[in-house]
Each structure stands twice: as structure tokens, then as C-alpha cells.
$ cat query-v4.txt   # compact mmCIF, N, CA and C atoms
# COMPACT_ATOMS: atom_id res chain seq x y z
N MET A 20 136.12 126.10 30.75
CA MET A 20 135.95 124.81 31.40
C MET A 20 137.23 123.99 31.17
N PRO A 21 137.80 123.43 32.25
CA PRO A 21 139.04 122.67 32.10
C PRO A 21 138.81 121.36 31.34
N GLN A 22 139.84 120.94 30.67
CA GLN A 22 139.80 119.66 29.96
C GLN A 22 139.76 118.54 30.99
N ARG A 23 138.93 117.53 30.76
CA ARG A 23 138.82 116.39 31.67
C ARG A 23 139.59 115.22 31.06
N ILE A 24 140.56 114.70 31.82
CA ILE A 24 141.43 113.65 31.31
C ILE A 24 141.52 112.52 32.33
N ALA A 25 141.44 111.29 31.83
CA ALA A 25 141.62 110.11 32.68
C ALA A 25 143.00 109.53 32.41
N VAL A 26 143.71 109.19 33.47
CA VAL A 26 145.01 108.53 33.37
C VAL A 26 144.85 107.14 33.96
N ILE A 27 145.22 106.14 33.19
CA ILE A 27 145.13 104.76 33.65
C ILE A 27 146.48 104.34 34.20
N GLY A 28 146.52 104.04 35.48
CA GLY A 28 147.76 103.61 36.12
C GLY A 28 148.31 104.66 37.07
N ALA A 29 148.48 104.27 38.33
CA ALA A 29 148.99 105.19 39.35
C ALA A 29 150.41 104.83 39.74
N GLY A 30 151.19 104.43 38.74
CA GLY A 30 152.61 104.19 38.97
C GLY A 30 153.40 105.47 38.76
N VAL A 31 154.69 105.35 38.69
CA VAL A 31 155.55 106.52 38.54
C VAL A 31 155.18 107.31 37.29
N LEU A 32 155.03 106.64 36.16
CA LEU A 32 154.72 107.36 34.93
C LEU A 32 153.32 107.95 34.94
N GLY A 33 152.34 107.17 35.36
CA GLY A 33 150.97 107.67 35.39
C GLY A 33 150.81 108.88 36.30
N LEU A 34 151.41 108.83 37.47
CA LEU A 34 151.30 109.96 38.40
C LEU A 34 152.07 111.18 37.90
N ALA A 35 153.20 110.96 37.24
CA ALA A 35 153.95 112.09 36.68
C ALA A 35 153.14 112.77 35.58
N VAL A 36 152.50 111.97 34.73
CA VAL A 36 151.65 112.52 33.67
C VAL A 36 150.48 113.27 34.29
N ALA A 37 149.83 112.66 35.28
CA ALA A 37 148.69 113.31 35.93
C ALA A 37 149.08 114.63 36.56
N GLN A 38 150.22 114.67 37.23
CA GLN A 38 150.67 115.90 37.86
C GLN A 38 150.94 116.98 36.81
N SER A 39 151.59 116.60 35.74
CA SER A 39 151.91 117.56 34.68
C SER A 39 150.63 118.12 34.04
N LEU A 40 149.68 117.25 33.75
CA LEU A 40 148.42 117.70 33.17
C LEU A 40 147.65 118.61 34.12
N SER A 41 147.65 118.25 35.40
CA SER A 41 146.97 119.05 36.41
C SER A 41 147.57 120.45 36.51
N ARG A 42 148.89 120.53 36.46
CA ARG A 42 149.56 121.83 36.52
C ARG A 42 149.23 122.70 35.31
N ARG A 43 148.84 122.05 34.22
CA ARG A 43 148.47 122.79 33.01
C ARG A 43 146.98 123.13 32.99
N GLY A 44 146.29 122.83 34.08
CA GLY A 44 144.89 123.22 34.21
C GLY A 44 143.87 122.15 33.91
N ALA A 45 144.29 120.95 33.58
CA ALA A 45 143.34 119.88 33.29
C ALA A 45 142.75 119.32 34.58
N GLN A 46 141.53 118.83 34.47
CA GLN A 46 140.90 118.12 35.58
C GLN A 46 141.22 116.64 35.36
N VAL A 47 142.08 116.08 36.22
CA VAL A 47 142.62 114.74 35.99
C VAL A 47 142.06 113.76 37.01
N THR A 48 141.66 112.59 36.52
CA THR A 48 141.27 111.48 37.38
C THR A 48 142.21 110.32 37.07
N VAL A 49 142.80 109.76 38.12
CA VAL A 49 143.73 108.64 37.96
C VAL A 49 143.03 107.35 38.40
N PHE A 50 143.11 106.34 37.56
CA PHE A 50 142.51 105.05 37.86
C PHE A 50 143.60 104.00 38.00
N ASP A 51 143.49 103.18 39.02
CA ASP A 51 144.39 102.05 39.20
C ASP A 51 143.62 100.98 39.96
N LYS A 52 143.86 99.73 39.63
CA LYS A 52 143.09 98.67 40.29
C LYS A 52 143.51 98.45 41.73
N ASN A 53 144.70 98.93 42.11
CA ASN A 53 145.18 98.80 43.48
C ASN A 53 145.62 100.17 44.00
N TYR A 54 146.62 100.19 44.82
CA TYR A 54 147.12 101.45 45.38
C TYR A 54 148.25 102.01 44.51
N PRO A 55 148.55 103.30 44.64
CA PRO A 55 149.60 103.90 43.81
C PRO A 55 150.93 103.16 43.94
N GLY A 56 151.53 102.91 42.79
CA GLY A 56 152.83 102.26 42.76
C GLY A 56 152.79 100.75 42.91
N SER A 57 151.61 100.15 42.91
CA SER A 57 151.51 98.71 43.17
C SER A 57 151.66 97.85 41.93
N GLY A 58 151.73 98.46 40.76
CA GLY A 58 151.83 97.67 39.53
C GLY A 58 153.26 97.55 39.06
N THR A 59 153.47 97.90 37.82
CA THR A 59 154.78 97.77 37.20
C THR A 59 155.86 98.53 37.96
N SER A 60 155.53 99.71 38.48
CA SER A 60 156.53 100.50 39.21
C SER A 60 157.08 99.74 40.42
N GLN A 61 156.28 98.88 40.98
CA GLN A 61 156.72 98.13 42.16
C GLN A 61 157.52 96.88 41.81
N ILE A 62 157.22 96.27 40.69
CA ILE A 62 157.80 94.95 40.42
C ILE A 62 158.73 94.87 39.22
N SER A 63 158.96 95.97 38.54
CA SER A 63 159.73 95.89 37.29
C SER A 63 161.22 95.80 37.51
N TYR A 64 161.68 96.11 38.70
CA TYR A 64 163.11 96.15 38.97
C TYR A 64 163.82 97.10 38.00
N ALA A 65 163.11 98.12 37.57
CA ALA A 65 163.69 99.09 36.65
C ALA A 65 164.89 99.75 37.32
N TRP A 66 165.95 99.86 36.57
CA TRP A 66 167.18 100.43 37.08
C TRP A 66 167.35 101.81 36.47
N VAL A 67 167.16 102.83 37.26
CA VAL A 67 167.33 104.20 36.81
C VAL A 67 168.83 104.47 36.80
N ASN A 68 169.42 104.61 35.61
CA ASN A 68 170.87 104.73 35.53
C ASN A 68 171.32 105.42 34.25
N ALA A 69 172.58 105.79 34.23
CA ALA A 69 173.22 106.33 33.02
C ALA A 69 174.50 105.56 32.74
N ASN A 70 174.55 104.33 33.18
CA ASN A 70 175.73 103.47 33.07
C ASN A 70 175.81 102.86 31.67
N GLY A 71 176.91 103.08 30.99
CA GLY A 71 177.13 102.46 29.69
C GLY A 71 176.22 102.96 28.59
N LYS A 72 175.68 104.15 28.73
CA LYS A 72 174.78 104.70 27.71
C LYS A 72 175.61 105.43 26.65
N GLU A 73 175.48 105.01 25.43
CA GLU A 73 176.19 105.62 24.30
C GLU A 73 175.17 106.09 23.27
N PRO A 74 175.44 107.19 22.60
CA PRO A 74 176.57 108.10 22.74
C PRO A 74 176.46 108.95 24.00
N THR A 75 177.41 109.83 24.19
CA THR A 75 177.44 110.66 25.40
C THR A 75 176.15 111.45 25.58
N SER A 76 175.53 111.87 24.49
CA SER A 76 174.27 112.62 24.60
C SER A 76 173.18 111.76 25.24
N TYR A 77 173.19 110.46 24.97
CA TYR A 77 172.22 109.55 25.59
C TYR A 77 172.54 109.38 27.07
N HIS A 78 173.81 109.31 27.41
CA HIS A 78 174.23 109.27 28.81
C HIS A 78 173.71 110.53 29.52
N ASP A 79 173.94 111.69 28.90
CA ASP A 79 173.52 112.96 29.49
C ASP A 79 172.01 113.00 29.73
N LEU A 80 171.24 112.49 28.77
CA LEU A 80 169.78 112.44 28.92
C LEU A 80 169.41 111.58 30.12
N ASN A 81 170.03 110.42 30.27
CA ASN A 81 169.74 109.53 31.39
C ASN A 81 170.19 110.13 32.72
N ALA A 82 171.35 110.80 32.73
CA ALA A 82 171.82 111.46 33.95
C ALA A 82 170.85 112.56 34.37
N HIS A 83 170.33 113.30 33.39
CA HIS A 83 169.34 114.34 33.69
C HIS A 83 168.06 113.70 34.25
N ALA A 84 167.67 112.57 33.69
CA ALA A 84 166.47 111.87 34.18
C ALA A 84 166.65 111.43 35.62
N ILE A 85 167.85 110.99 35.98
CA ILE A 85 168.12 110.61 37.37
C ILE A 85 167.91 111.81 38.28
N ASP A 86 168.44 112.95 37.88
CA ASP A 86 168.26 114.18 38.67
C ASP A 86 166.78 114.53 38.81
N GLU A 87 166.02 114.34 37.74
CA GLU A 87 164.58 114.64 37.79
C GLU A 87 163.85 113.66 38.71
N HIS A 88 164.23 112.39 38.68
CA HIS A 88 163.64 111.41 39.61
C HIS A 88 163.89 111.85 41.05
N LYS A 89 165.11 112.25 41.35
CA LYS A 89 165.47 112.69 42.71
C LYS A 89 164.67 113.93 43.10
N ARG A 90 164.59 114.89 42.16
CA ARG A 90 163.86 116.14 42.43
C ARG A 90 162.39 115.84 42.67
N TRP A 91 161.82 114.98 41.84
CA TRP A 91 160.40 114.68 41.97
C TRP A 91 160.12 113.98 43.30
N GLN A 92 160.96 113.04 43.66
CA GLN A 92 160.78 112.35 44.94
C GLN A 92 160.92 113.32 46.11
N ALA A 93 161.92 114.21 46.04
CA ALA A 93 162.14 115.18 47.12
C ALA A 93 160.96 116.15 47.24
N SER A 94 160.28 116.41 46.14
CA SER A 94 159.15 117.35 46.18
C SER A 94 157.87 116.69 46.72
N HIS A 95 157.94 115.40 47.01
CA HIS A 95 156.79 114.67 47.56
C HIS A 95 157.22 113.92 48.83
N PRO A 96 157.63 114.65 49.87
CA PRO A 96 158.17 113.98 51.06
C PRO A 96 157.16 113.11 51.80
N ALA A 97 155.88 113.37 51.64
CA ALA A 97 154.87 112.57 52.35
C ALA A 97 154.57 111.26 51.64
N SER A 98 155.01 111.14 50.40
CA SER A 98 154.74 109.92 49.62
C SER A 98 155.73 108.83 50.01
N PRO A 99 155.32 107.58 49.81
CA PRO A 99 156.27 106.49 50.07
C PRO A 99 157.50 106.65 49.18
N ARG A 100 158.63 106.31 49.72
CA ARG A 100 159.87 106.42 48.95
C ARG A 100 159.89 105.33 47.89
N TRP A 101 160.02 105.73 46.64
CA TRP A 101 160.01 104.77 45.54
C TRP A 101 161.34 104.70 44.80
N LEU A 102 162.14 105.76 44.86
CA LEU A 102 163.44 105.77 44.18
C LEU A 102 164.50 105.32 45.17
N LEU A 103 165.02 104.15 44.96
CA LEU A 103 166.05 103.60 45.84
C LEU A 103 167.36 103.55 45.06
N GLU A 104 168.29 104.37 45.47
CA GLU A 104 169.56 104.47 44.76
C GLU A 104 170.53 103.40 45.29
N THR A 105 170.37 102.21 44.76
CA THR A 105 171.16 101.08 45.25
C THR A 105 172.42 100.83 44.44
N GLY A 106 172.48 101.32 43.22
CA GLY A 106 173.65 101.09 42.39
C GLY A 106 173.65 99.69 41.79
N THR A 107 174.80 99.30 41.31
CA THR A 107 174.95 97.98 40.70
C THR A 107 176.35 97.46 40.97
N LEU A 108 176.49 96.18 40.88
CA LEU A 108 177.79 95.54 41.05
C LEU A 108 178.12 94.83 39.75
N GLU A 109 179.26 95.17 39.17
CA GLU A 109 179.71 94.52 37.95
C GLU A 109 181.12 94.00 38.17
N TRP A 110 181.42 92.86 37.57
CA TRP A 110 182.77 92.31 37.70
C TRP A 110 183.18 91.68 36.37
N ALA A 111 184.46 91.45 36.25
CA ALA A 111 185.02 90.86 35.03
C ALA A 111 185.54 89.47 35.34
N ALA A 112 185.28 88.55 34.43
CA ALA A 112 185.70 87.16 34.62
C ALA A 112 187.03 86.86 33.94
N ASP A 113 187.48 87.76 33.06
CA ASP A 113 188.75 87.53 32.37
C ASP A 113 189.41 88.88 32.08
N GLU A 114 190.63 88.84 31.58
CA GLU A 114 191.41 90.07 31.35
C GLU A 114 190.75 90.99 30.33
N SER A 115 190.21 90.44 29.27
CA SER A 115 189.56 91.25 28.24
C SER A 115 188.35 91.99 28.82
N SER A 116 187.54 91.27 29.57
CA SER A 116 186.37 91.89 30.22
C SER A 116 186.80 92.94 31.23
N LEU A 117 187.90 92.67 31.93
CA LEU A 117 188.41 93.61 32.91
C LEU A 117 188.84 94.91 32.23
N ARG A 118 189.51 94.81 31.09
CA ARG A 118 189.92 96.02 30.35
C ARG A 118 188.70 96.82 29.90
N GLN A 119 187.68 96.13 29.39
CA GLN A 119 186.46 96.82 28.94
C GLN A 119 185.76 97.50 30.10
N LEU A 120 185.68 96.82 31.23
CA LEU A 120 185.04 97.39 32.41
C LEU A 120 185.83 98.59 32.91
N ALA A 121 187.14 98.49 32.92
CA ALA A 121 187.99 99.61 33.36
C ALA A 121 187.83 100.81 32.44
N GLN A 122 187.73 100.56 31.13
CA GLN A 122 187.54 101.66 30.18
C GLN A 122 186.20 102.35 30.41
N ARG A 123 185.15 101.56 30.63
CA ARG A 123 183.84 102.15 30.87
C ARG A 123 183.84 102.94 32.17
N ALA A 124 184.46 102.39 33.21
CA ALA A 124 184.54 103.10 34.50
C ALA A 124 185.29 104.42 34.34
N ALA A 125 186.38 104.40 33.58
CA ALA A 125 187.15 105.63 33.36
C ALA A 125 186.31 106.67 32.63
N LYS A 126 185.57 106.24 31.62
CA LYS A 126 184.73 107.19 30.88
C LYS A 126 183.63 107.75 31.78
N LEU A 127 182.98 106.89 32.55
CA LEU A 127 181.93 107.35 33.45
C LEU A 127 182.47 108.37 34.45
N THR A 128 183.68 108.14 34.93
CA THR A 128 184.31 109.07 35.86
C THR A 128 184.50 110.44 35.21
N THR A 129 184.92 110.46 33.94
CA THR A 129 185.09 111.75 33.25
C THR A 129 183.77 112.47 33.06
N LEU A 130 182.66 111.72 33.09
CA LEU A 130 181.33 112.31 32.94
C LEU A 130 180.69 112.64 34.29
N ASP A 131 181.50 112.59 35.36
CA ASP A 131 181.02 112.86 36.73
C ASP A 131 179.93 111.88 37.17
N TYR A 132 179.98 110.66 36.66
CA TYR A 132 179.05 109.62 37.07
C TYR A 132 179.75 108.79 38.14
N PRO A 133 179.11 108.55 39.28
CA PRO A 133 179.81 107.88 40.38
C PRO A 133 180.21 106.43 40.07
N VAL A 134 181.47 106.14 40.31
CA VAL A 134 182.02 104.80 40.13
C VAL A 134 182.87 104.49 41.35
N GLU A 135 182.67 103.32 41.93
CA GLU A 135 183.51 102.88 43.05
C GLU A 135 184.17 101.57 42.64
N LYS A 136 185.48 101.52 42.77
CA LYS A 136 186.21 100.29 42.48
C LYS A 136 186.46 99.56 43.80
N ARG A 137 186.16 98.28 43.81
CA ARG A 137 186.33 97.47 45.01
C ARG A 137 187.14 96.23 44.67
N SER A 138 187.92 95.79 45.61
CA SER A 138 188.68 94.55 45.40
C SER A 138 187.77 93.35 45.63
N ARG A 139 188.19 92.21 45.12
CA ARG A 139 187.44 90.97 45.33
C ARG A 139 187.31 90.68 46.82
N ALA A 140 188.40 90.87 47.55
CA ALA A 140 188.39 90.60 48.99
C ALA A 140 187.40 91.51 49.71
N ALA A 141 187.37 92.77 49.34
CA ALA A 141 186.43 93.71 49.98
C ALA A 141 184.99 93.32 49.68
N LEU A 142 184.73 92.93 48.44
CA LEU A 142 183.37 92.53 48.08
C LEU A 142 182.94 91.26 48.80
N LEU A 143 183.81 90.29 48.87
CA LEU A 143 183.46 89.05 49.56
C LEU A 143 183.27 89.29 51.04
N GLY A 144 184.03 90.21 51.61
CA GLY A 144 183.87 90.54 53.02
C GLY A 144 182.55 91.24 53.29
N ALA A 145 182.14 92.13 52.37
CA ALA A 145 180.90 92.88 52.53
C ALA A 145 179.68 92.04 52.18
N ASN A 146 179.87 91.02 51.38
CA ASN A 146 178.77 90.18 50.90
C ASN A 146 179.11 88.72 51.18
N ALA A 147 179.09 88.36 52.42
CA ALA A 147 179.56 87.03 52.84
C ALA A 147 178.81 85.90 52.15
N ARG A 148 177.60 86.14 51.67
CA ARG A 148 176.83 85.07 51.04
C ARG A 148 177.19 84.87 49.58
N VAL A 149 178.04 85.72 49.03
CA VAL A 149 178.48 85.57 47.64
C VAL A 149 179.56 84.51 47.58
N ALA A 150 179.37 83.52 46.75
CA ALA A 150 180.36 82.44 46.64
C ALA A 150 181.59 82.92 45.89
N ALA A 151 182.74 82.43 46.30
CA ALA A 151 184.01 82.82 45.65
C ALA A 151 184.12 82.20 44.28
$ encode --input "query-v4.txt" --output "C-alpha cells"
Amino acid sequence: MPQRIAVIGAGVLGLAVAQSLSRRGAQVTVFDKNYPGSGTSQISYAWVNANGKEPTSYHDLNAHAIDEHKRWQASHPASPRWLLETGTLEWAADESSLRQLAQRAAKLTTLDYPVEKRSRAALLGANARVAA
């Protein structure tokens, strides 16, 4: 007789746990007060990233997690798209901050983590509502 397990929450984590348990033979029931993904997964603004993660082993763990998020989403094409790879915008307000940002960008590049450098003019042109 399969083990019967209840999972509370139909967000990204709850559904991942439910899927994993189900693949191991458990009879899983998922409970959520609304529809899947309507809780924390929808409103947390969680940023799936490996940016600035130290030490390198922690960066590697996060980079692997990004790949797993992509794989999991790709394996569920009928589900609503929940992983939005929007990236982030960071800038430096002074020379010291600029050096630190450049060093981090250089390290991320050596780790095959995508980094795009943009000029102030290019950013203001692409984001007209951003004040100078």
C-alpha cells in the first residue's frame, strides 16, 4: 500500500515536493486555498539567481538550481509559465562602487554567468521613464 502524504501549498516548492514524492510511489494530495502558484510563489518577487554568491561553490549550487528551474518548467509545457528570466539592473554611484561592480562582473563572466555591460546613455534610451 502506498504511503499517503498531504502537501500544504501548491506553489513552486509544494508542487515540486508533491511531484518528487509521487514519483517515489507515494499517494499525494496537494491542498491550497486558491489556485496553484497563487500564494508566495506569485507575490514574493523571488529572484532566481547566482549573482554575487560566495564562495564559488555556493554560486555553483545556485547556477545548478537555475538550470533545474528551467528544466522543470520545460517539462511542464501545459502549465502557466512561472519562471521569468528578467535579469537585474545594477549600477554604481561612485568610483569605488564601480570598481566593485566591475570586479564582480568579471568574476561572474569567468564562471560563465551572463553579464551585459550597458552605458548610461543606452540604459536611459531603453528605459525612458528612468530619471537621470
$ atom_distance --input "query-v4.txt" --atom1 "atom N of Lys136 of chain A" --atom2 "atom N of Asn81 of chain A"
21.8 Å
$ atom_distance --input "query-v4.txt" --atom1 "atom N of Leu80 of chain A" --atom2 "atom CA of Ala93 of chain A"
20.7 Å
$ atom_distance --input "query-v4.txt" --atom1 "atom N of Gly30 of chain A" --atom2 "atom CA of Tyr54 of chain A"
8.3 Å
$ residues_around --input "query-v4.txt" --residues "Val67 of chain A" --least-positions-apart "3" --cutoff "12 Å" --atoms "only C-alpha atoms" --output "PDB file with N, CA and C atoms, keeping the file's coordinate frame"
ATOM      1  N   SER A  60     155.530  99.710  38.480  1.00  0.00           N
ATOM      2  CA  SER A  60     156.530 100.500  39.210  1.00  0.00           C
ATOM      3  C   SER A  60     157.080  99.740  40.420  1.00  0.00           C
ATOM      4  N   SER A  63     158.960  95.970  38.540  1.00  0.00           N
ATOM      5  CA  SER A  63     159.730  95.890  37.290  1.00  0.00           C
ATOM      6  C   SER A  63     161.220  95.800  37.510  1.00  0.00           C
ATOM      7  N   TYR A  64     161.680  96.110  38.700  1.00  0.00           N
ATOM      8  CA  TYR A  64     163.110  96.150  38.970  1.00  0.00           C
ATOM      9  C   TYR A  64     163.820  97.100  38.000  1.00  0.00           C
ATOM     10  N   ASN A  70     174.550 104.330  33.180  1.00  0.00           N
ATOM     11  CA  ASN A  70     175.730 103.470  33.070  1.00  0.00           C
ATOM     12  C   ASN A  70     175.810 102.860  31.670  1.00  0.00           C
ATOM     13  N   LYS A  72     175.680 104.150  28.730  1.00  0.00           N
ATOM     14  CA  LYS A  72     174.780 104.700  27.710  1.00  0.00           C
ATOM     15  C   LYS A  72     175.610 105.430  26.650  1.00  0.00           C
ATOM     16  N   HIS A  78     173.810 109.310  27.410  1.00  0.00           N
ATOM     17  CA  HIS A  78     174.230 109.270  28.810  1.00  0.00           C
ATOM     18  C   HIS A  78     173.710 110.530  29.520  1.00  0.00           C
ATOM     19  N   LEU A  80     171.240 112.490  28.770  1.00  0.00           N
ATOM     20  CA  LEU A  80     169.780 112.440  28.920  1.00  0.00           C
ATOM     21  C   LEU A  80     169.410 111.580  30.120  1.00  0.00           C
ATOM     22  N   ASN A  81     170.030 110.420  30.270  1.00  0.00           N
ATOM     23  CA  ASN A  81     169.740 109.530  31.390  1.00  0.00           C
ATOM     24  C   ASN A  81     170.190 110.130  32.720  1.00  0.00           C
ATOM     25  N   ALA A  82     171.350 110.800  32.730  1.00  0.00           N
ATOM     26  CA  ALA A  82     171.820 111.460  33.950  1.00  0.00           C
ATOM     27  C   ALA A  82     170.850 112.560  34.370  1.00  0.00           C
ATOM     28  N   HIS A  83     170.330 113.300  33.390  1.00  0.00           N
ATOM     29  CA  HIS A  83     169.340 114.340  33.690  1.00  0.00           C
ATOM     30  C   HIS A  83     168.060 113.700  34.250  1.00  0.00           C
ATOM     31  N   ALA A  84     167.670 112.570  33.690  1.00  0.00           N
ATOM     32  CA  ALA A  84     166.470 111.870  34.180  1.00  0.00           C
ATOM     33  C   ALA A  84     166.650 111.430  35.620  1.00  0.00           C
ATOM     34  N   ILE A  85     167.850 110.990  35.980  1.00  0.00           N
ATOM     35  CA  ILE A  85     168.120 110.610  37.370  1.00  0.00           C
ATOM     36  C   ILE A  85     167.910 111.810  38.280  1.00  0.00           C
ATOM     37  N   ASP A  86     168.440 112.950  37.880  1.00  0.00           N
ATOM     38  CA  ASP A  86     168.260 114.180  38.670  1.00  0.00           C
ATOM     39  C   ASP A  86     166.780 114.530  38.810  1.00  0.00           C
ATOM     40  N   GLU A  87     166.020 114.340  37.740  1.00  0.00           N
ATOM     41  CA  GLU A  87     164.580 114.640  37.790  1.00  0.00           C
ATOM     42  C   GLU A  87     163.850 113.660  38.710  1.00  0.00           C
ATOM     43  N   HIS A  88     164.230 112.390  38.680  1.00  0.00           N
ATOM     44  CA  HIS A  88     163.640 111.410  39.610  1.00  0.00           C
ATOM     45  C   HIS A  88     163.890 111.850  41.050  1.00  0.00           C
ATOM     46  N   LYS A  89     165.110 112.250  41.350  1.00  0.00           N
ATOM     47  CA  LYS A  89     165.470 112.690  42.710  1.00  0.00           C
ATOM     48  C   LYS A  89     164.670 113.930  43.100  1.00  0.00           C
ATOM     49  N   TRP A 101     160.020 105.730  46.640  1.00  0.00           N
ATOM     50  CA  TRP A 101     160.010 104.770  45.540  1.00  0.00           C
ATOM     51  C   TRP A 101     161.340 104.700  44.800  1.00  0.00           C
ATOM     52  N   LEU A 102     162.140 105.760  44.860  1.00  0.00           N
ATOM     53  CA  LEU A 102     163.440 105.770  44.180  1.00  0.00           C
ATOM     54  C   LEU A 102     164.500 105.320  45.170  1.00  0.00           C
ATOM     55  N   LEU A 103     165.020 104.150  44.960  1.00  0.00           N
ATOM     56  CA  LEU A 103     166.050 103.600  45.840  1.00  0.00           C
ATOM     57  C   LEU A 103     167.360 103.550  45.060  1.00  0.00           C
ATOM     58  N   GLU A 104     168.290 104.370  45.470  1.00  0.00           N
ATOM     59  CA  GLU A 104     169.560 104.470  44.760  1.00  0.00           C
ATOM     60  C   GLU A 104     170.530 103.400  45.290  1.00  0.00           C
ATOM     61  N   THR A 105     170.370 102.210  44.760  1.00  0.00           N
ATOM     62  CA  THR A 105     171.160 101.080  45.250  1.00  0.00           C
ATOM     63  C   THR A 105     172.420 100.830  44.440  1.00  0.00           C
ATOM     64  N   GLY A 106     172.480 101.320  43.220  1.00  0.00           N
ATOM     65  CA  GLY A 106     173.650 101.090  42.390  1.00  0.00           C
ATOM     66  C   GLY A 106     173.650  99.690  41.790  1.00  0.00           C
ATOM     67  N   THR A 107     174.800  99.300  41.310  1.00  0.00           N
ATOM     68  CA  THR A 107     174.950  97.980  40.700  1.00  0.00           C
ATOM     69  C   THR A 107     176.350  97.460  40.970  1.00  0.00           C
TER      70      THR A 107
END
$ residues_around --input "query-v4.txt" --residues "Ala37 of chain A" --least-positions-apart "5" --cutoff "7 Å" --atoms "all atoms listed in the file" --output "PyMOL selection string"
chain A and resi 26+32+42+47
$ closest_residue --input "query-v4.txt" --among "A:Arg100, A:Ile24, A:Gly44, A:Ala69" --to "Tyr132 of chain A" --atoms "all atoms listed in the file"
A:Ala69
$ closest_residue --input "query-v4.txt" --among "A:Ile27, A:Leu120, A:Leu127, A:Gln22" --to "Leu108 of chain A" --atoms "only C-alpha atoms"
A:Leu120
$ select_by_dssp --input "query-v4.txt" --residues "chain A" --states "strand (DSSP E or B)" --output "VMD selection string"
chain A and resid 23 to 27 46 to 50
$ residues_around --input "query-v4.txt" --residues "Trp110 of chain A" --least-positions-apart "5" --cutoff "12 Å" --atoms "only C-alpha atoms" --output "VMD selection string"
chain A and resid 115 to 121 124 135 to 139 142
$ write_last_selection --input "query-v4.txt" --atoms "N, CA and C atoms" --output "compact mmCIF listing (two decimals), in the frame of the given file"
# COMPACT_ATOMS: atom_id res chain seq x y z
N SER A 115 190.21 90.44 29.27
CA SER A 115 189.56 91.25 28.24
C SER A 115 188.35 91.99 28.82
N SER A 116 187.54 91.27 29.57
CA SER A 116 186.37 91.89 30.22
C SER A 116 186.80 92.94 31.23
N LEU A 117 187.90 92.67 31.93
CA LEU A 117 188.41 93.61 32.91
C LEU A 117 188.84 94.91 32.23
N ARG A 118 189.51 94.81 31.09
CA ARG A 118 189.92 96.02 30.35
C ARG A 118 188.70 96.82 29.90
N GLN A 119 187.68 96.13 29.39
CA GLN A 119 186.46 96.82 28.94
C GLN A 119 185.76 97.50 30.10
N LEU A 120 185.68 96.82 31.23
CA LEU A 120 185.04 97.39 32.41
C LEU A 120 185.83 98.59 32.91
N ALA A 121 187.14 98.49 32.92
CA ALA A 121 187.99 99.61 33.36
C ALA A 121 187.83 100.81 32.44
N ALA A 124 184.46 102.39 33.21
CA ALA A 124 184.54 103.10 34.50
C ALA A 124 185.29 104.42 34.34
N GLU A 135 182.67 103.32 41.93
CA GLU A 135 183.51 102.88 43.05
C GLU A 135 184.17 101.57 42.64
N LYS A 136 185.48 101.52 42.77
CA LYS A 136 186.21 100.29 42.48
C LYS A 136 186.46 99.56 43.80
N ARG A 137 186.16 98.28 43.81
CA ARG A 137 186.33 97.47 45.01
C ARG A 137 187.14 96.23 44.67
N SER A 138 187.92 95.79 45.61
CA SER A 138 188.68 94.55 45.40
C SER A 138 187.77 93.35 45.63
N ARG A 139 188.19 92.21 45.12
CA ARG A 139 187.44 90.97 45.33
C ARG A 139 187.31 90.68 46.82
N LEU A 142 184.73 92.93 48.44
CA LEU A 142 183.37 92.53 48.08
C LEU A 142 182.94 91.26 48.80
$ select_by_dssp --input "query-v4.txt" --residues "segment 24-126 of chain A" --states "alpha helix (DSSP H)" --output "JSON, numbers by chain"
{"A": [31, 32, 33, 34, 35, 36, 37, 38, 39, 40, 41, 42, 59, 60, 61, 62, 75, 76, 77, 78, 79, 80, 81, 82, 83, 84, 85, 86, 87, 88, 89, 90, 91, 92, 93, 114, 115, 116, 117, 118, 119, 120, 121, 122, 123, 124, 125, 126]}
$ closest_residue --input "query-v4.txt" --among "A:Asp51, A:Asn68, A:Gln92, A:Glu73" --to "Arg123 of chain A" --atoms "only C-alpha atoms"
A:Glu73
$ closest_residue --input "query-v4.txt" --among "A:Gly144, A:Pro74, A:Gly56, A:Pro133" --to "Val31 of chain A" --atoms "only N, CA and C atoms"
A:Gly56
